[in-house]
Amino acid sequence: MAPDILDATFAALADPTRRAILARLAQGEATVMELAAPFAMSQPGVSKHLRVLERAGLISRGRDAQRRPCRLEATRLKTAMDWLADYRSYWEESYQRLDDLLGELEAGRSGAGEREAL
């Protein structure tokens with residue numbers, strides 16, 4: 001994946017308002033007014049967030065008569081998740097090594113306690 005695409009995706013996801021907009025669009029398409037309703041901001045403010053999401057390729061805007069519905073474009077989200085998945089396996093392996101070490105330390109302590117009791 002090109003770094004600029006990944007950068008744009010994560011920059012767009014960094015804002016809680018934009019994440020909330022994506023969550024709403026995961027339920028189905030919506031107009032700008034419908035997306036603006038739960039937020040205490042103007043329609044132009046929401047439109048700025050939508051432009052960021054659109055530039056990142058996370059949403060698209062169509063035309064349906066007088067409406068311009070927004071739609072979630074999940075391909076970029078999947079691409080970001082795939083990139084993160086590589087690091088997930090790294091952390092899972094690291095946690096497994098830590099679990100193994102803690103198990104060895106616990107076994108060493110219980111063995112030392114048994115010797116003292118004798």
# chains A, B, ... in the order shown; residues from 1 in each chain; ligands from 1

$ residues_around --residues "Ala23 (chain A)" --least-positions-apart "5" --cutoff "12 Å" --atoms "only C-alpha atoms" --output "PyMOL selection string"
chain A and resi 13+16-18+28-30+35+58-59+71-74+77

$ write_last_selection --atoms "C-alpha atoms" --output "PDB file, in the first residue's frame"
ATOM      1  CA  LEU A  13      -9.687   8.212  11.244  1.00  0.00           C
ATOM      2  CA  PRO A  16     -13.815  11.268  16.560  1.00  0.00           C
ATOM      3  CA  THR A  17     -16.403  13.153  14.477  1.00  0.00           C
ATOM      4  CA  ARG A  18     -15.193  11.475  11.297  1.00  0.00           C
ATOM      5  CA  GLY A  28     -26.449   2.901   5.076  1.00  0.00           C
ATOM      6  CA  GLU A  29     -26.120   5.988   2.933  1.00  0.00           C
ATOM      7  CA  ALA A  30     -27.088   9.403   4.304  1.00  0.00           C
ATOM      8  CA  LEU A  35     -25.032  13.209   9.021  1.00  0.00           C
ATOM      9  CA  LEU A  58     -13.335   6.303   2.866  1.00  0.00           C
ATOM     10  CA  ILE A  59     -16.608   7.688   1.488  1.00  0.00           C
ATOM     11  CA  ARG A  71     -21.719   6.119   1.089  1.00  0.00           C
ATOM     12  CA  LEU A  72     -19.090   4.231   3.025  1.00  0.00           C
ATOM     13  CA  GLU A  73     -16.239   2.910   0.876  1.00  0.00           C
ATOM     14  CA  ALA A  74     -14.871   0.121   3.029  1.00  0.00           C
ATOM     15  CA  LEU A  77     -10.629   0.514   5.840  1.00  0.00           C
TER      16      LEU A  77
END

$ residues_around --residues "Leu53 (chain A)" --least-positions-apart "3" --cutoff "9 Å" --atoms "only C-alpha atoms" --output "PyMOL selection string"
chain A and resi 8-9+12-13+18+22+48-50+56-60

$ write_last_selection --atoms "all heavy atoms" --output "compact mmCIF listing (two decimals), in the first residue's frame"
# COMPACT_ATOMS: atom_id res chain seq x y z
N ALA A 8 -3.31 9.18 4.69
CA ALA A 8 -4.60 9.86 4.55
C ALA A 8 -5.69 9.10 5.29
O ALA A 8 -6.55 9.70 5.93
CB ALA A 8 -4.96 10.01 3.07
N THR A 9 -5.64 7.78 5.23
CA THR A 9 -6.64 6.96 5.92
C THR A 9 -6.57 7.16 7.42
O THR A 9 -7.57 7.45 8.08
CB THR A 9 -6.45 5.46 5.58
OG1 THR A 9 -6.58 5.29 4.17
CG2 THR A 9 -7.47 4.61 6.28
N ALA A 12 -7.61 10.66 8.53
CA ALA A 12 -9.07 10.81 8.53
C ALA A 12 -9.69 10.12 9.74
O ALA A 12 -10.63 10.62 10.35
CB ALA A 12 -9.65 10.26 7.24
N LEU A 13 -9.15 8.98 10.11
CA LEU A 13 -9.69 8.21 11.24
C LEU A 13 -9.30 8.81 12.59
O LEU A 13 -9.85 8.42 13.63
CB LEU A 13 -9.20 6.76 11.17
CG LEU A 13 -9.72 5.93 10.00
CD1 LEU A 13 -9.02 4.58 9.96
CD2 LEU A 13 -11.23 5.77 10.09
N ARG A 18 -15.27 12.24 12.55
CA ARG A 18 -15.19 11.48 11.30
C ARG A 18 -15.43 9.99 11.55
O ARG A 18 -16.08 9.31 10.74
CB ARG A 18 -13.86 11.73 10.60
CG ARG A 18 -13.76 13.16 10.07
CD ARG A 18 -12.61 13.36 9.13
NE ARG A 18 -11.31 13.43 9.77
CZ ARG A 18 -10.73 14.54 10.19
NH1 ARG A 18 -11.33 15.71 10.05
NH2 ARG A 18 -9.54 14.50 10.74
N LEU A 22 -18.41 7.73 9.88
CA LEU A 22 -18.22 6.43 9.25
C LEU A 22 -19.11 5.36 9.89
O LEU A 22 -19.67 4.52 9.20
CB LEU A 22 -16.75 6.00 9.33
CG LEU A 22 -15.78 6.80 8.47
CD1 LEU A 22 -14.35 6.36 8.74
CD2 LEU A 22 -16.12 6.69 7.00
N LYS A 48 -16.76 19.83 5.73
CA LYS A 48 -15.29 19.77 5.76
C LYS A 48 -14.83 18.37 6.18
O LYS A 48 -13.89 17.82 5.60
CB LYS A 48 -14.74 20.82 6.73
CG LYS A 48 -14.81 22.22 6.20
CD LYS A 48 -14.21 23.20 7.19
CE LYS A 48 -14.33 24.62 6.67
NZ LYS A 48 -13.75 25.60 7.61
N HIS A 49 -15.49 17.81 7.18
CA HIS A 49 -15.15 16.44 7.59
C HIS A 49 -15.40 15.46 6.44
O HIS A 49 -14.60 14.54 6.22
CB HIS A 49 -15.98 16.02 8.81
CG HIS A 49 -15.52 16.64 10.09
ND1 HIS A 49 -14.32 16.33 10.67
CD2 HIS A 49 -16.12 17.55 10.90
CE1 HIS A 49 -14.18 17.02 11.80
NE2 HIS A 49 -15.26 17.77 11.96
N LEU A 50 -16.49 15.65 5.72
CA LEU A 50 -16.80 14.76 4.60
C LEU A 50 -15.76 14.87 3.50
O LEU A 50 -15.40 13.86 2.88
CB LEU A 50 -18.20 15.05 4.06
CG LEU A 50 -19.35 14.75 5.01
CD1 LEU A 50 -20.68 15.19 4.41
CD2 LEU A 50 -19.39 13.27 5.37
N ALA A 56 -9.63 10.78 1.49
CA ALA A 56 -8.98 9.56 1.98
C ALA A 56 -9.56 8.31 1.32
O ALA A 56 -9.05 7.22 1.52
CB ALA A 56 -9.13 9.46 3.50
N GLY A 57 -10.62 8.46 0.54
CA GLY A 57 -11.23 7.32 -0.14
C GLY A 57 -12.12 6.49 0.76
O GLY A 57 -12.47 5.37 0.42
N LEU A 58 -12.51 7.05 1.91
CA LEU A 58 -13.33 6.30 2.87
C LEU A 58 -14.83 6.46 2.60
O LEU A 58 -15.62 5.64 3.06
CB LEU A 58 -13.01 6.75 4.30
CG LEU A 58 -11.59 6.44 4.75
CD1 LEU A 58 -11.28 7.13 6.06
CD2 LEU A 58 -11.38 4.94 4.86
N ILE A 59 -15.20 7.51 1.88
CA ILE A 59 -16.61 7.69 1.49
C ILE A 59 -16.66 8.14 0.05
O ILE A 59 -15.66 8.60 -0.52
CB ILE A 59 -17.36 8.72 2.38
CG1 ILE A 59 -16.83 10.13 2.16
CG2 ILE A 59 -17.31 8.32 3.85
CD1 ILE A 59 -17.73 11.23 2.72
N SER A 60 -17.84 8.03 -0.54
CA SER A 60 -18.10 8.60 -1.86
C SER A 60 -19.42 9.33 -1.77
O SER A 60 -20.24 9.05 -0.90
CB SER A 60 -18.13 7.51 -2.93
OG SER A 60 -19.19 6.61 -2.68

$ select_by_dssp --residues "region 4-116 of chain A" --states "strand (DSSP E)" --output "list of chain:residue names"
A:Ile59, A:Ser60, A:Arg61, A:Cys70, A:Arg71, A:Leu72

$ residues_around --residues "Arg68 (chain A)" --least-positions-apart "6" --cutoff "9 Å" --atoms "only C-alpha atoms" --output "MDAnalysis selection string"
chainID A and resid 30:32 61:62

$ write_last_selection --atoms "N, CA, C and O atoms" --output "PDB file, in the first residue's frame"
ATOM      1  N   ALA A  30     -26.422   8.289   3.637  1.00  0.00           N
ATOM      2  CA  ALA A  30     -27.088   9.403   4.304  1.00  0.00           C
ATOM      3  C   ALA A  30     -26.680  10.709   3.631  1.00  0.00           C
ATOM      4  O   ALA A  30     -25.612  10.803   3.031  1.00  0.00           O
ATOM      5  N   THR A  31     -27.538  11.706   3.761  1.00  0.00           N
ATOM      6  CA  THR A  31     -27.231  13.033   3.225  1.00  0.00           C
ATOM      7  C   THR A  31     -26.391  13.802   4.245  1.00  0.00           C
ATOM      8  O   THR A  31     -26.268  13.397   5.399  1.00  0.00           O
ATOM      9  N   VAL A  32     -25.856  14.931   3.800  1.00  0.00           N
ATOM     10  CA  VAL A  32     -25.066  15.773   4.696  1.00  0.00           C
ATOM     11  C   VAL A  32     -25.917  16.218   5.883  1.00  0.00           C
ATOM     12  O   VAL A  32     -25.459  16.204   7.025  1.00  0.00           O
ATOM     13  N   ARG A  61     -19.591  10.283  -2.678  1.00  0.00           N
ATOM     14  CA  ARG A  61     -20.854  11.023  -2.728  1.00  0.00           C
ATOM     15  C   ARG A  61     -21.463  10.821  -4.102  1.00  0.00           C
ATOM     16  O   ARG A  61     -20.799  10.952  -5.118  1.00  0.00           O
ATOM     17  N   GLY A  62     -22.732  10.500  -4.088  1.00  0.00           N
ATOM     18  CA  GLY A  62     -23.445  10.284  -5.336  1.00  0.00           C
ATOM     19  C   GLY A  62     -24.434  11.398  -5.603  1.00  0.00           C
ATOM     20  O   GLY A  62     -24.433  12.421  -4.932  1.00  0.00           O
TER      21      GLY A  62
END

$ atom_distance --atom1 "CA of Lys78 (chain A)" --atom2 "CA of Ala2 (chain A)"
14.1 Å

$ select_by_dssp --residues "region 24-83 of chain A" --states "helix (DSSP H, G or I)" --output "ChimeraX atom specification"
/A:24-25,32-36,43-55,75-83

$ write_last_selection --atoms "N, CA, C and O atoms" --output "short mmCIF file (atom, residue, chain, number, x, y, z; two decimals), in the first residue's frame"
data_model
loop_
_atom_site.label_atom_id
_atom_site.label_comp_id
_atom_site.auth_asym_id
_atom_site.auth_seq_id
_atom_site.Cartn_x
_atom_site.Cartn_y
_atom_site.Cartn_z
N ARG A 24 -21.99 5.87 11.24
CA ARG A 24 -23.35 6.09 10.74
C ARG A 24 -23.49 5.57 9.32
O ARG A 24 -24.48 4.93 8.96
N LEU A 25 -22.50 5.82 8.48
CA LEU A 25 -22.57 5.37 7.09
C LEU A 25 -22.47 3.85 6.97
O LEU A 25 -22.90 3.28 5.96
N VAL A 32 -25.86 14.93 3.80
CA VAL A 32 -25.07 15.77 4.70
C VAL A 32 -25.92 16.22 5.88
O VAL A 32 -25.46 16.20 7.03
N MET A 33 -27.16 16.60 5.62
CA MET A 33 -28.04 17.05 6.70
C MET A 33 -28.29 15.92 7.70
O MET A 33 -28.30 16.16 8.91
N GLU A 34 -28.49 14.71 7.21
CA GLU A 34 -28.70 13.57 8.11
C GLU A 34 -27.44 13.29 8.93
O GLU A 34 -27.53 12.96 10.11
N LEU A 35 -26.29 13.44 8.31
CA LEU A 35 -25.03 13.21 9.02
C LEU A 35 -24.74 14.32 10.03
O LEU A 35 -24.14 14.07 11.07
N ALA A 36 -25.18 15.54 9.73
CA ALA A 36 -24.92 16.67 10.61
C ALA A 36 -25.82 16.66 11.84
O ALA A 36 -25.45 17.24 12.87
N GLN A 43 -23.57 22.82 9.00
CA GLN A 43 -23.47 21.96 7.83
C GLN A 43 -22.13 22.14 7.12
O GLN A 43 -21.51 21.15 6.73
N PRO A 44 -21.61 23.39 6.99
CA PRO A 44 -20.29 23.53 6.39
C PRO A 44 -19.20 22.82 7.19
O PRO A 44 -18.25 22.28 6.62
N GLY A 45 -19.33 22.80 8.52
CA GLY A 45 -18.36 22.08 9.35
C GLY A 45 -18.37 20.60 9.07
O GLY A 45 -17.32 19.95 8.94
N VAL A 46 -19.56 20.03 8.95
CA VAL A 46 -19.68 18.60 8.62
C VAL A 46 -19.16 18.36 7.21
O VAL A 46 -18.48 17.35 6.95
N SER A 47 -19.44 19.29 6.30
CA SER A 47 -18.96 19.14 4.92
C SER A 47 -17.44 19.08 4.86
O SER A 47 -16.88 18.35 4.04
N LYS A 48 -16.76 19.83 5.73
CA LYS A 48 -15.29 19.77 5.76
C LYS A 48 -14.83 18.37 6.18
O LYS A 48 -13.89 17.82 5.60
N HIS A 49 -15.49 17.81 7.18
CA HIS A 49 -15.15 16.44 7.59
C HIS A 49 -15.40 15.46 6.44
O HIS A 49 -14.60 14.54 6.22
N LEU A 50 -16.49 15.65 5.72
CA LEU A 50 -16.80 14.76 4.60
C LEU A 50 -15.76 14.87 3.50
O LEU A 50 -15.40 13.86 2.88
N ARG A 51 -15.25 16.06 3.26
CA ARG A 51 -14.20 16.22 2.24
C ARG A 51 -12.94 15.46 2.64
O ARG A 51 -12.29 14.84 1.80
N VAL A 52 -12.58 15.51 3.93
CA VAL A 52 -11.41 14.76 4.40
C VAL A 52 -11.63 13.27 4.18
O VAL A 52 -10.75 12.55 3.68
N LEU A 53 -12.81 12.79 4.54
CA LEU A 53 -13.13 11.36 4.36
C LEU A 53 -13.14 10.98 2.89
O LEU A 53 -12.68 9.90 2.51
N GLU A 54 -13.65 11.87 2.06
CA GLU A 54 -13.71 11.60 0.61
C GLU A 54 -12.31 11.58 0.01
O GLU A 54 -11.98 10.69 -0.78
N ARG A 55 -11.46 12.54 0.40
CA ARG A 55 -10.07 12.55 -0.11
C ARG A 55 -9.31 11.30 0.31
O ARG A 55 -8.45 10.81 -0.41
N THR A 75 -13.21 -0.33 1.29
CA THR A 75 -11.97 -0.90 0.78
C THR A 75 -10.74 -0.32 1.49
O THR A 75 -9.84 -1.06 1.88
N ARG A 76 -10.72 0.99 1.68
CA ARG A 76 -9.56 1.61 2.35
C ARG A 76 -9.49 1.19 3.81
O ARG A 76 -8.41 1.05 4.37
N LEU A 77 -10.64 0.99 4.46
CA LEU A 77 -10.63 0.51 5.84
C LEU A 77 -10.03 -0.88 5.91
O LEU A 77 -9.24 -1.18 6.80
N LYS A 78 -10.38 -1.73 4.95
CA LYS A 78 -9.83 -3.08 4.92
C LYS A 78 -8.32 -3.04 4.69
O LYS A 78 -7.57 -3.79 5.32
N THR A 79 -7.89 -2.16 3.82
CA THR A 79 -6.46 -2.03 3.56
C THR A 79 -5.71 -1.62 4.83
O THR A 79 -4.65 -2.15 5.13
N ALA A 80 -6.27 -0.66 5.57
CA ALA A 80 -5.65 -0.24 6.83
C ALA A 80 -5.65 -1.39 7.84
O ALA A 80 -4.67 -1.60 8.56
N MET A 81 -6.74 -2.13 7.89
CA MET A 81 -6.82 -3.28 8.81
C MET A 81 -5.79 -4.34 8.44
O MET A 81 -5.17 -4.94 9.32
N ASP A 82 -5.59 -4.57 7.16
CA ASP A 82 -4.59 -5.53 6.71
C ASP A 82 -3.19 -5.09 7.14
O ASP A 82 -2.37 -5.90 7.57
N TRP A 83 -2.91 -3.80 7.02
CA TRP A 83 -1.62 -3.27 7.44
C TRP A 83 -1.44 -3.46 8.94
O TRP A 83 -0.38 -3.88 9.40
#

$ atom_distance --atom1 "CA of Leu84 (chain A)" --atom2 "CA of Ala11 (chain A)"
14.8 Å

$ atom_distance --atom1 "CA of Cys70 (chain A)" --atom2 "CA of Ala20 (chain A)"
13.7 Å
